[in-house]
>>> print(open('model.cif').read())   # mmCIF, C-alpha atoms
data_final
loop_
_atom_site.group_PDB
_atom_site.id
_atom_site.type_symbol
_atom_site.label_atom_id
_atom_site.label_comp_id
_atom_site.auth_asym_id
_atom_site.auth_seq_id
_atom_site.Cartn_x
_atom_site.Cartn_y
_atom_site.Cartn_z
ATOM 1 C CA PHE Y 449 0.000 0.000 0.000
ATOM 2 C CA ALA Y 450 2.861 2.391 0.780
ATOM 3 C CA ILE Y 451 4.862 1.637 -2.377
ATOM 4 C CA LYS Y 452 5.718 4.871 -4.167
ATOM 5 C CA ASP Y 453 5.132 5.276 -7.875
ATOM 6 C CA ASP Y 454 5.280 8.718 -9.501
ATOM 7 C CA ILE Y 455 2.712 7.813 -12.157
ATOM 8 C CA ILE Y 456 0.168 6.365 -9.726
ATOM 9 C CA ASP Y 457 0.872 9.263 -7.335
ATOM 10 C CA THR Y 458 -0.034 11.702 -10.133
ATOM 11 C CA ILE Y 459 -3.211 9.830 -11.049
ATOM 12 C CA ILE Y 460 -4.595 9.558 -7.523
ATOM 13 C CA LYS Y 461 -4.109 13.286 -6.884
ATOM 14 C CA THR Y 462 -6.151 14.241 -9.953
ATOM 15 C CA GLU Y 463 -9.569 15.807 -9.550
ATOM 16 C CA PHE Y 464 -11.976 15.184 -12.424
ATOM 17 C CA THR Y 465 -15.598 14.901 -13.477
ATOM 18 C CA THR Y 466 -15.149 12.287 -16.217
ATOM 19 C CA MET Y 467 -12.264 9.838 -16.471
ATOM 20 C CA ARG Y 468 -11.735 7.632 -19.506
ATOM 21 C CA ALA Y 469 -8.987 5.022 -19.497
ATOM 22 C CA TYR Y 470 -7.541 2.195 -21.501
ATOM 23 C CA ASN Y 471 -6.243 -0.501 -19.139
ATOM 24 C CA TYR Y 472 -4.457 -3.610 -20.421
ATOM 25 C CA PHE Y 473 -6.066 -5.527 -17.533
ATOM 26 C CA VAL Y 474 -8.007 -4.123 -14.578
ATOM 27 C CA ILE Y 475 -5.434 -5.109 -11.932
ATOM 28 C CA PRO Y 476 -4.832 -1.787 -10.192
ATOM 29 C CA THR Y 477 -2.380 -1.129 -7.421
ATOM 30 C CA GLU Y 478 -4.047 -0.771 -4.021
ATOM 31 C CA ARG Y 479 -3.831 3.036 -4.180
ATOM 32 C CA TYR Y 480 -5.255 3.204 -7.712
ATOM 33 C CA ARG Y 481 -8.077 0.827 -6.713
ATOM 34 C CA LEU Y 482 -8.900 2.992 -3.675
ATOM 35 C CA PHE Y 483 -8.822 6.095 -5.923
ATOM 36 C CA LEU Y 484 -11.302 4.449 -8.298
ATOM 37 C CA GLU Y 485 -13.567 3.319 -5.449
ATOM 38 C CA LYS Y 486 -13.530 6.745 -3.776
ATOM 39 C CA ASN Y 487 -14.464 8.482 -7.023
ATOM 40 C CA LEU Y 488 -17.139 5.885 -7.841
ATOM 41 C CA GLU Y 489 -18.887 6.873 -4.588
ATOM 42 C CA ASN Y 490 -19.491 10.356 -6.011
ATOM 43 C CA PRO Y 491 -22.597 10.321 -8.268
ATOM 44 C CA GLU Y 492 -21.325 13.422 -10.083
ATOM 45 C CA LYS Y 493 -18.261 11.542 -11.355
ATOM 46 C CA GLU Y 494 -18.054 9.084 -14.211
ATOM 47 C CA ILE Y 495 -15.316 6.524 -14.852
ATOM 48 C CA LYS Y 496 -15.161 4.531 -18.074
ATOM 49 C CA ILE Y 497 -12.515 1.912 -18.841
ATOM 50 C CA ILE Y 498 -11.799 -0.141 -21.935
ATOM 51 C CA SER Y 499 -9.859 -3.303 -21.138
ATOM 52 C CA ASN Y 500 -9.146 -6.658 -22.741
ATOM 53 C CA SER Y 501 -11.791 -9.377 -22.896
ATOM 54 C CA ARG Y 502 -11.373 -13.110 -22.381
ATOM 55 C CA ALA Y 503 -11.175 -13.528 -26.160
ATOM 56 C CA THR Y 504 -8.472 -10.902 -26.709
ATOM 57 C CA ALA Y 505 -6.567 -11.909 -23.574
ATOM 58 C CA ALA Y 506 -6.256 -15.426 -25.006
ATOM 59 C CA VAL Y 507 -4.028 -13.919 -27.714
ATOM 60 C CA ILE Y 508 -1.577 -12.575 -25.116
ATOM 61 C CA THR Y 509 -2.221 -14.297 -21.788
ATOM 62 C CA ASP Y 510 -5.522 -15.432 -20.422
ATOM 63 C CA LYS Y 511 -3.955 -15.842 -16.964
ATOM 64 C CA GLY Y 512 -3.760 -12.052 -16.550
ATOM 65 C CA TYR Y 513 -7.386 -11.656 -17.546
ATOM 66 C CA LEU Y 514 -8.658 -14.469 -15.336
ATOM 67 C CA PHE Y 515 -6.604 -13.125 -12.425
ATOM 68 C CA SER Y 516 -8.189 -9.692 -12.935
ATOM 69 C CA LEU Y 517 -11.804 -10.955 -12.954
ATOM 70 C CA PRO Y 518 -12.568 -10.809 -9.182
ATOM 71 C CA GLY Y 519 -11.192 -7.270 -8.834
ATOM 72 C CA MET Y 520 -12.879 -6.081 -12.023
ATOM 73 C CA ARG Y 521 -16.159 -7.620 -10.888
ATOM 74 C CA ASN Y 522 -15.917 -5.807 -7.540
ATOM 75 C CA LEU Y 523 -15.264 -2.460 -9.246
ATOM 76 C CA VAL Y 524 -18.131 -2.978 -11.721
ATOM 77 C CA GLU Y 525 -20.393 -3.751 -8.747
ATOM 78 C CA LYS Y 526 -19.358 -0.377 -7.285
ATOM 79 C CA GLY Y 527 -20.272 1.425 -10.518
ATOM 80 C CA LEU Y 528 -17.205 1.212 -12.759
ATOM 81 C CA GLN Y 529 -18.181 1.142 -16.432
ATOM 82 C CA VAL Y 530 -15.951 -1.400 -18.180
ATOM 83 C CA HIS Y 531 -16.156 -2.247 -21.841
ATOM 84 C CA GLN Y 532 -14.043 -5.120 -23.113
ATOM 85 C CA TRP Y 533 -12.029 -5.048 -26.317
ATOM 86 C CA LEU Y 534 -13.127 -7.569 -28.933
ATOM 87 C CA GLY Y 535 -10.488 -6.693 -31.527
ATOM 88 C CA MET Y 536 -10.781 -4.809 -34.793
ATOM 89 C CA ILE Y 537 -9.246 -4.207 -38.184
ATOM 90 C CA ALA Y 538 -7.652 -0.751 -38.380
ATOM 91 C CA GLU Y 539 -8.069 1.562 -41.373
ATOM 92 C CA ASN Y 540 -4.564 0.604 -42.530
ATOM 93 C CA GLY Y 541 -5.540 -3.079 -42.473
ATOM 94 C CA ASP Y 542 -3.704 -3.993 -39.253
ATOM 95 C CA ASN Y 543 -5.485 -6.618 -37.177
ATOM 96 C CA LEU Y 544 -5.661 -5.171 -33.666
ATOM 97 C CA LEU Y 545 -6.136 -8.440 -31.795
ATOM 98 C CA TYR Y 546 -5.779 -7.093 -28.271
ATOM 99 C CA LEU Y 547 -5.781 -3.805 -26.393
ATOM 100 C CA HIS Y 548 -2.341 -2.522 -25.479
ATOM 101 C CA GLU Y 549 -2.986 1.190 -24.897
ATOM 102 C CA LYS Y 550 -2.168 2.757 -21.551
ATOM 103 C CA VAL Y 551 -4.005 6.063 -21.634
ATOM 104 C CA ILE Y 552 -6.058 8.067 -19.152
ATOM 105 C CA MET Y 553 -8.058 11.153 -20.094
ATOM 106 C CA PHE Y 554 -9.420 13.417 -17.376
ATOM 107 C CA ASP Y 555 -12.275 15.672 -18.481
ATOM 108 C CA ASP Y 556 -11.498 17.471 -21.752
ATOM 109 C CA ASP Y 557 -7.952 18.768 -21.347
ATOM 110 C CA HIS Y 558 -5.795 16.469 -19.172
ATOM 111 C CA GLY Y 559 -4.143 13.254 -20.279
ATOM 112 C CA ILE Y 560 -1.584 10.632 -19.272
ATOM 113 C CA ILE Y 561 -0.017 8.351 -21.891
ATOM 114 C CA GLY Y 562 2.824 5.902 -21.410
ATOM 115 C CA SER Y 563 3.895 2.329 -20.897
ATOM 116 C CA HIS Y 564 2.589 1.988 -17.313
ATOM 117 C CA ASN Y 565 -0.228 -0.583 -16.957
ATOM 118 C CA PHE Y 566 -1.541 1.121 -13.783
ATOM 119 C CA GLY Y 567 -0.889 -2.148 -11.941
ATOM 120 C CA LEU Y 568 1.699 -3.648 -9.579
ATOM 121 C CA GLY Y 569 3.880 -5.061 -12.339
ATOM 122 C CA SER Y 570 4.541 -1.576 -13.637
ATOM 123 C CA THR Y 571 5.172 -0.293 -10.114
ATOM 124 C CA LEU Y 572 7.277 -3.106 -8.640
ATOM 125 C CA VAL Y 573 8.978 -4.878 -11.524
ATOM 126 C CA SER Y 574 9.230 -2.771 -14.653
ATOM 127 C CA SER Y 575 10.753 0.613 -15.264
ATOM 128 C CA GLU Y 576 7.843 2.446 -16.851
ATOM 129 C CA ILE Y 577 7.274 5.905 -18.231
ATOM 130 C CA ALA Y 578 4.285 8.140 -18.789
ATOM 131 C CA VAL Y 579 3.749 11.669 -19.994
ATOM 132 C CA GLU Y 580 1.202 13.919 -18.312
ATOM 133 C CA PHE Y 581 -0.073 16.737 -20.500
ATOM 134 C CA TYR Y 582 -2.738 19.413 -20.765
ATOM 135 C CA SER Y 583 -4.050 19.936 -24.294
ATOM 136 C CA LYS Y 584 -7.683 20.344 -25.321
ATOM 137 C CA PRO Y 585 -7.052 19.439 -29.004
ATOM 138 C CA ILE Y 586 -5.111 16.257 -28.203
ATOM 139 C CA VAL Y 587 -7.478 15.124 -25.445
ATOM 140 C CA LYS Y 588 -10.475 15.917 -27.667
ATOM 141 C CA ARG Y 589 -9.109 13.598 -30.379
ATOM 142 C CA LEU Y 590 -8.291 10.856 -27.849
ATOM 143 C CA ILE Y 591 -11.821 11.121 -26.433
ATOM 144 C CA GLU Y 592 -13.317 10.858 -29.940
ATOM 145 C CA VAL Y 593 -11.404 7.601 -30.543
ATOM 146 C CA PHE Y 594 -12.223 6.270 -27.070
ATOM 147 C CA GLU Y 595 -15.948 7.039 -27.307
ATOM 148 C CA THR Y 596 -16.177 5.533 -30.808
ATOM 149 C CA GLU Y 597 -14.605 2.298 -29.571
ATOM 150 C CA TYR Y 598 -16.517 2.353 -26.286
ATOM 151 C CA ASN Y 599 -19.888 2.658 -28.027
ATOM 152 C CA ASP Y 600 -19.261 0.315 -30.989
ATOM 153 C CA ARG Y 601 -20.534 -3.209 -30.113
ATOM 154 C CA GLY Y 602 -18.403 -4.574 -32.951
ATOM 155 C CA ILE Y 603 -15.275 -3.372 -31.114
ATOM 156 C CA THR Y 604 -16.196 -3.564 -27.407
ATOM 157 C CA GLN Y 605 -18.728 -5.370 -25.259
ATOM 158 C CA ILE Y 606 -20.161 -4.170 -21.955
ATOM 159 C CA ALA Y 607 -18.770 -6.047 -18.960
ATOM 160 C CA THR Y 608 -21.988 -6.404 -17.000
ATOM 161 C CA LEU Y 609 -22.030 -7.854 -13.512
ATOM 162 C CA PRO Y 610 -23.915 -11.024 -14.599
ATOM 163 C CA PHE Y 611 -21.471 -11.514 -17.481
ATOM 164 C CA LEU Y 612 -18.413 -11.228 -15.193
ATOM 165 C CA GLU Y 613 -20.006 -13.490 -12.578
ATOM 166 C CA GLN Y 614 -20.663 -16.128 -15.248
ATOM 167 C CA GLU Y 615 -17.040 -15.954 -16.402
ATOM 168 C CA MET Y 616 -15.895 -16.318 -12.799
ATOM 169 C CA LYS Y 617 -18.139 -19.353 -12.436
ATOM 170 C CA ASP Y 618 -16.889 -20.856 -15.721
ATOM 171 C CA TYR Y 619 -13.225 -20.429 -14.717
ATOM 172 C CA LYS Y 620 -13.590 -20.804 -10.943
ATOM 173 C CA THR Y 621 -10.879 -23.447 -10.520
ATOM 174 C CA THR Y 622 -8.300 -21.522 -12.535
ATOM 175 C CA ILE Y 623 -9.143 -18.211 -10.830
ATOM 176 C CA ASN Y 624 -8.866 -19.805 -7.368
ATOM 177 C CA LEU Y 625 -5.471 -21.246 -8.298
ATOM 178 C CA LEU Y 626 -4.224 -17.911 -9.668
ATOM 179 C CA GLN Y 627 -5.438 -16.049 -6.563
ATOM 180 C CA LYS Y 628 -3.412 -18.166 -4.106
ATOM 181 C CA GLY Y 629 0.005 -17.720 -2.520
ATOM 182 C CA PHE Y 630 3.021 -17.499 -4.779
ATOM 183 C CA LEU Y 631 0.974 -17.441 -8.008
ATOM 184 C CA LYS Y 632 -1.073 -14.467 -6.781
ATOM 185 C CA THR Y 633 2.080 -12.508 -5.967
ATOM 186 C CA MET Y 634 3.793 -13.464 -9.217
ATOM 187 C CA ILE Y 635 0.845 -12.654 -11.495
ATOM 188 C CA SER Y 636 0.015 -9.363 -9.787
ATOM 189 C CA GLU Y 637 3.650 -8.315 -10.170
ATOM 190 C CA ILE Y 638 3.785 -9.311 -13.845
ATOM 191 C CA TYR Y 639 0.872 -7.092 -14.855
#
>>> encode(input="model.cif", output="C-alpha cells")
Amino acid sequence: FAIKDDIIDTIIKTEFTTMRAYNYFVIPTERYRLFLEKNLENPEKEIKIISNSRATAAVITDKGYLFSLPGMRNLVEKGLQVHQWLGMIAENGDNLLYLHEKVIMFDDDHGIIGSHNFGLGSTLVSSEIAVEFYSKPIVKRLIEVFETEYNDRGITQIATLPFLEQEMKDYKTTINLLQKGFLKTMISEIY
C-alpha cells in the first residue's frame, strides 16, 4: 500500500468529473483501486474503462485476464463502467487483436499516456514511463477515438455484472489457483 510510484501518485491526486482510461487488464495497485472506489462513490463523477476481454486476452495471456476478474467484478459492482475489447481491423488493415494502450483522459484537457499498466507489475517490476499533458485538441481527439470504440458493439462489449459473474463461475478453478500464494504474488507483479 505504501509503495511509491510517480505515475500512480499523479493519477490519484487528480480531480476530475469524467475519467476515460484504456487498461491492459483491470489489476490496479491498491492506491489506484482505492482512488477508483472513492471516485465511484461520487454520483457526479463518471469513470469509463476499456480493457481486454477473455477472447483478446487469449491472444496474449488469459492468466492475466482471469486473475483480474474478481477485482474487475468488484469495481463494476461499485459502478465502474468497463467495456471489453473484442479486436478490430484498423483503417490501414492492421489486425488489432488485443488492447495494449495505456491512456487516461481526465475531463477534456488532461491526459496521461505511457507504458505503465496502472498495476503492480509496472510499479514493482518494470521501469515504466508516462507523460502527463494538458491539451484540449489532443485530449479531444483521444476522447473521440475512445468514445467511438466504447460505443461500438463490434469493437467492445459491456462487462456487465452477470457476465463477469458467469465468467468467474466458468473459470472458478483456474481463478482460485491464480489467486493463491506465490501465483497471486507473481501474477500481480507481472501485470
>>> resolve_selection(input="model.cif", expression="the PyMOL selection byres ((chain Y and resi 603) around 9)", output="list in words")
Gln532, Trp533, Leu534, Gly535, Met536, Thr596, Glu597, Tyr598, Asn599, Asp600, Arg601, Gly602, Thr604 and Gln605 of chain Y
>>> resolve_selection(input="model.cif", expression="the PyMOL selection byres ((chain Y and resi 518) around 10)", output="PDB file with C-alpha atoms, in the frame of the given file")
ATOM      1  CA  VAL Y 474      -8.007  -4.123 -14.578  1.00  0.00           C
ATOM      2  CA  ILE Y 475      -5.434  -5.109 -11.932  1.00  0.00           C
ATOM      3  CA  TYR Y 513      -7.386 -11.656 -17.546  1.00  0.00           C
ATOM      4  CA  LEU Y 514      -8.658 -14.469 -15.336  1.00  0.00           C
ATOM      5  CA  PHE Y 515      -6.604 -13.125 -12.425  1.00  0.00           C
ATOM      6  CA  SER Y 516      -8.189  -9.692 -12.935  1.00  0.00           C
ATOM      7  CA  LEU Y 517     -11.804 -10.955 -12.954  1.00  0.00           C
ATOM      8  CA  GLY Y 519     -11.192  -7.270  -8.834  1.00  0.00           C
ATOM      9  CA  MET Y 520     -12.879  -6.081 -12.023  1.00  0.00           C
ATOM     10  CA  ARG Y 521     -16.159  -7.620 -10.888  1.00  0.00           C
ATOM     11  CA  ASN Y 522     -15.917  -5.807  -7.540  1.00  0.00           C
ATOM     12  CA  LEU Y 523     -15.264  -2.460  -9.246  1.00  0.00           C
ATOM     13  CA  VAL Y 524     -18.131  -2.978 -11.721  1.00  0.00           C
ATOM     14  CA  LEU Y 612     -18.413 -11.228 -15.193  1.00  0.00           C
ATOM     15  CA  GLU Y 613     -20.006 -13.490 -12.578  1.00  0.00           C
ATOM     16  CA  GLU Y 615     -17.040 -15.954 -16.402  1.00  0.00           C
ATOM     17  CA  MET Y 616     -15.895 -16.318 -12.799  1.00  0.00           C
ATOM     18  CA  ILE Y 623      -9.143 -18.211 -10.830  1.00  0.00           C
ATOM     19  CA  ASN Y 624      -8.866 -19.805  -7.368  1.00  0.00           C
ATOM     20  CA  GLN Y 627      -5.438 -16.049  -6.563  1.00  0.00           C
TER      21      GLN Y 627
END
>>> residues_around(input="model.cif", residues="Y:Ile606", least_positions_apart="6", cutoff="8 Å", atoms="only C-alpha atoms", output="list in words")
Gln529, Val530, His531 and Gln532 of chain Y
>>> atom_distance(input="model.cif", atom1="atom CA of Y:Tyr480", atom2="atom CA of Y:Lys588")
24.2 Å
>>> residues_around(input="model.cif", residues="Y:Asp557", least_positions_apart="3", cutoff="7 Å", atoms="only C-alpha atoms", output="VMD selection string")
chain Y and resid 554 582 to 584 587
>>> resolve_selection(input="model.cif", expression="the PyMOL selection byres ((chain Y and resi 567) around 9)", output="list in words")
Ile456, Phe473, Val474, Ile475, Pro476, Thr477, Glu478, Tyr480, His564, Asn565, Phe566, Leu568, Gly569, Ser570, Thr571, Leu572, Ser636, Glu637, Ile638 and Tyr639 of chain Y
>>> closest_residue(input="model.cif", among="Y:Ile586, Y:Leu544, Y:Ala607, Y:Leu484", to="Y:Ile561", atoms="only C-alpha atoms")
Y:Ile586
>>> atom_distance(input="model.cif", atom1="atom CA of Y:Arg481", atom2="atom CA of Y:Ile591")
22.6 Å
>>> atom_distance(input="model.cif", atom1="atom CA of Y:Glu525", atom2="atom CA of Y:Ala578")
29.2 Å
>>> residues_around(input="model.cif", residues="Y:Leu488", least_positions_apart="3", cutoff="8 Å", atoms="all atoms listed in the file", output="PDB file with C-alpha atoms, in the frame of the given file")
ATOM      1  CA  LEU Y 484     -11.302   4.449  -8.298  1.00  0.00           C
ATOM      2  CA  GLU Y 485     -13.567   3.319  -5.449  1.00  0.00           C
ATOM      3  CA  PRO Y 491     -22.597  10.321  -8.268  1.00  0.00           C
ATOM      4  CA  LYS Y 493     -18.261  11.542 -11.355  1.00  0.00           C
ATOM      5  CA  GLU Y 494     -18.054   9.084 -14.211  1.00  0.00           C
ATOM      6  CA  ILE Y 495     -15.316   6.524 -14.852  1.00  0.00           C
ATOM      7  CA  LYS Y 526     -19.358  -0.377  -7.285  1.00  0.00           C
ATOM      8  CA  GLY Y 527     -20.272   1.425 -10.518  1.00  0.00           C
ATOM      9  CA  LEU Y 528     -17.205   1.212 -12.759  1.00  0.00           C
TER      10      LEU Y 528
END
>>> residues_around(input="model.cif", residues="Y:Asp510", least_positions_apart="6", cutoff="10 Å", atoms="only C-alpha atoms", output="list of chain:residue names")
Y:Asn500, Y:Ser501, Y:Arg502, Y:Ala503, Y:Thr504, Y:Ser516
>>> closest_residue(input="model.cif", among="Y:Glu489, Y:Phe630, Y:Lys461, Y:Val507", to="Y:Leu545", atoms="only C-alpha atoms")
Y:Val507
>>> closest_residue(input="model.cif", among="Y:Arg468, Y:Lys617, Y:Lys628, Y:Lys452", to="Y:Asp556", atoms="all atoms listed in the file")
Y:Arg468
>>> closest_residue(input="model.cif", among="Y:Gly559, Y:Ala538, Y:Ala505, Y:Leu626", to="Y:Pro585", atoms="all atoms listed in the file")
Y:Gly559
>>> residues_near_point(input="model.cif", point="(8.3, 8.5, -16.5)", cutoff="7 Å", atoms="all atoms listed in the file", output="list in words")
Glu576, Ile577, Ala578 and Val579 of chain Y
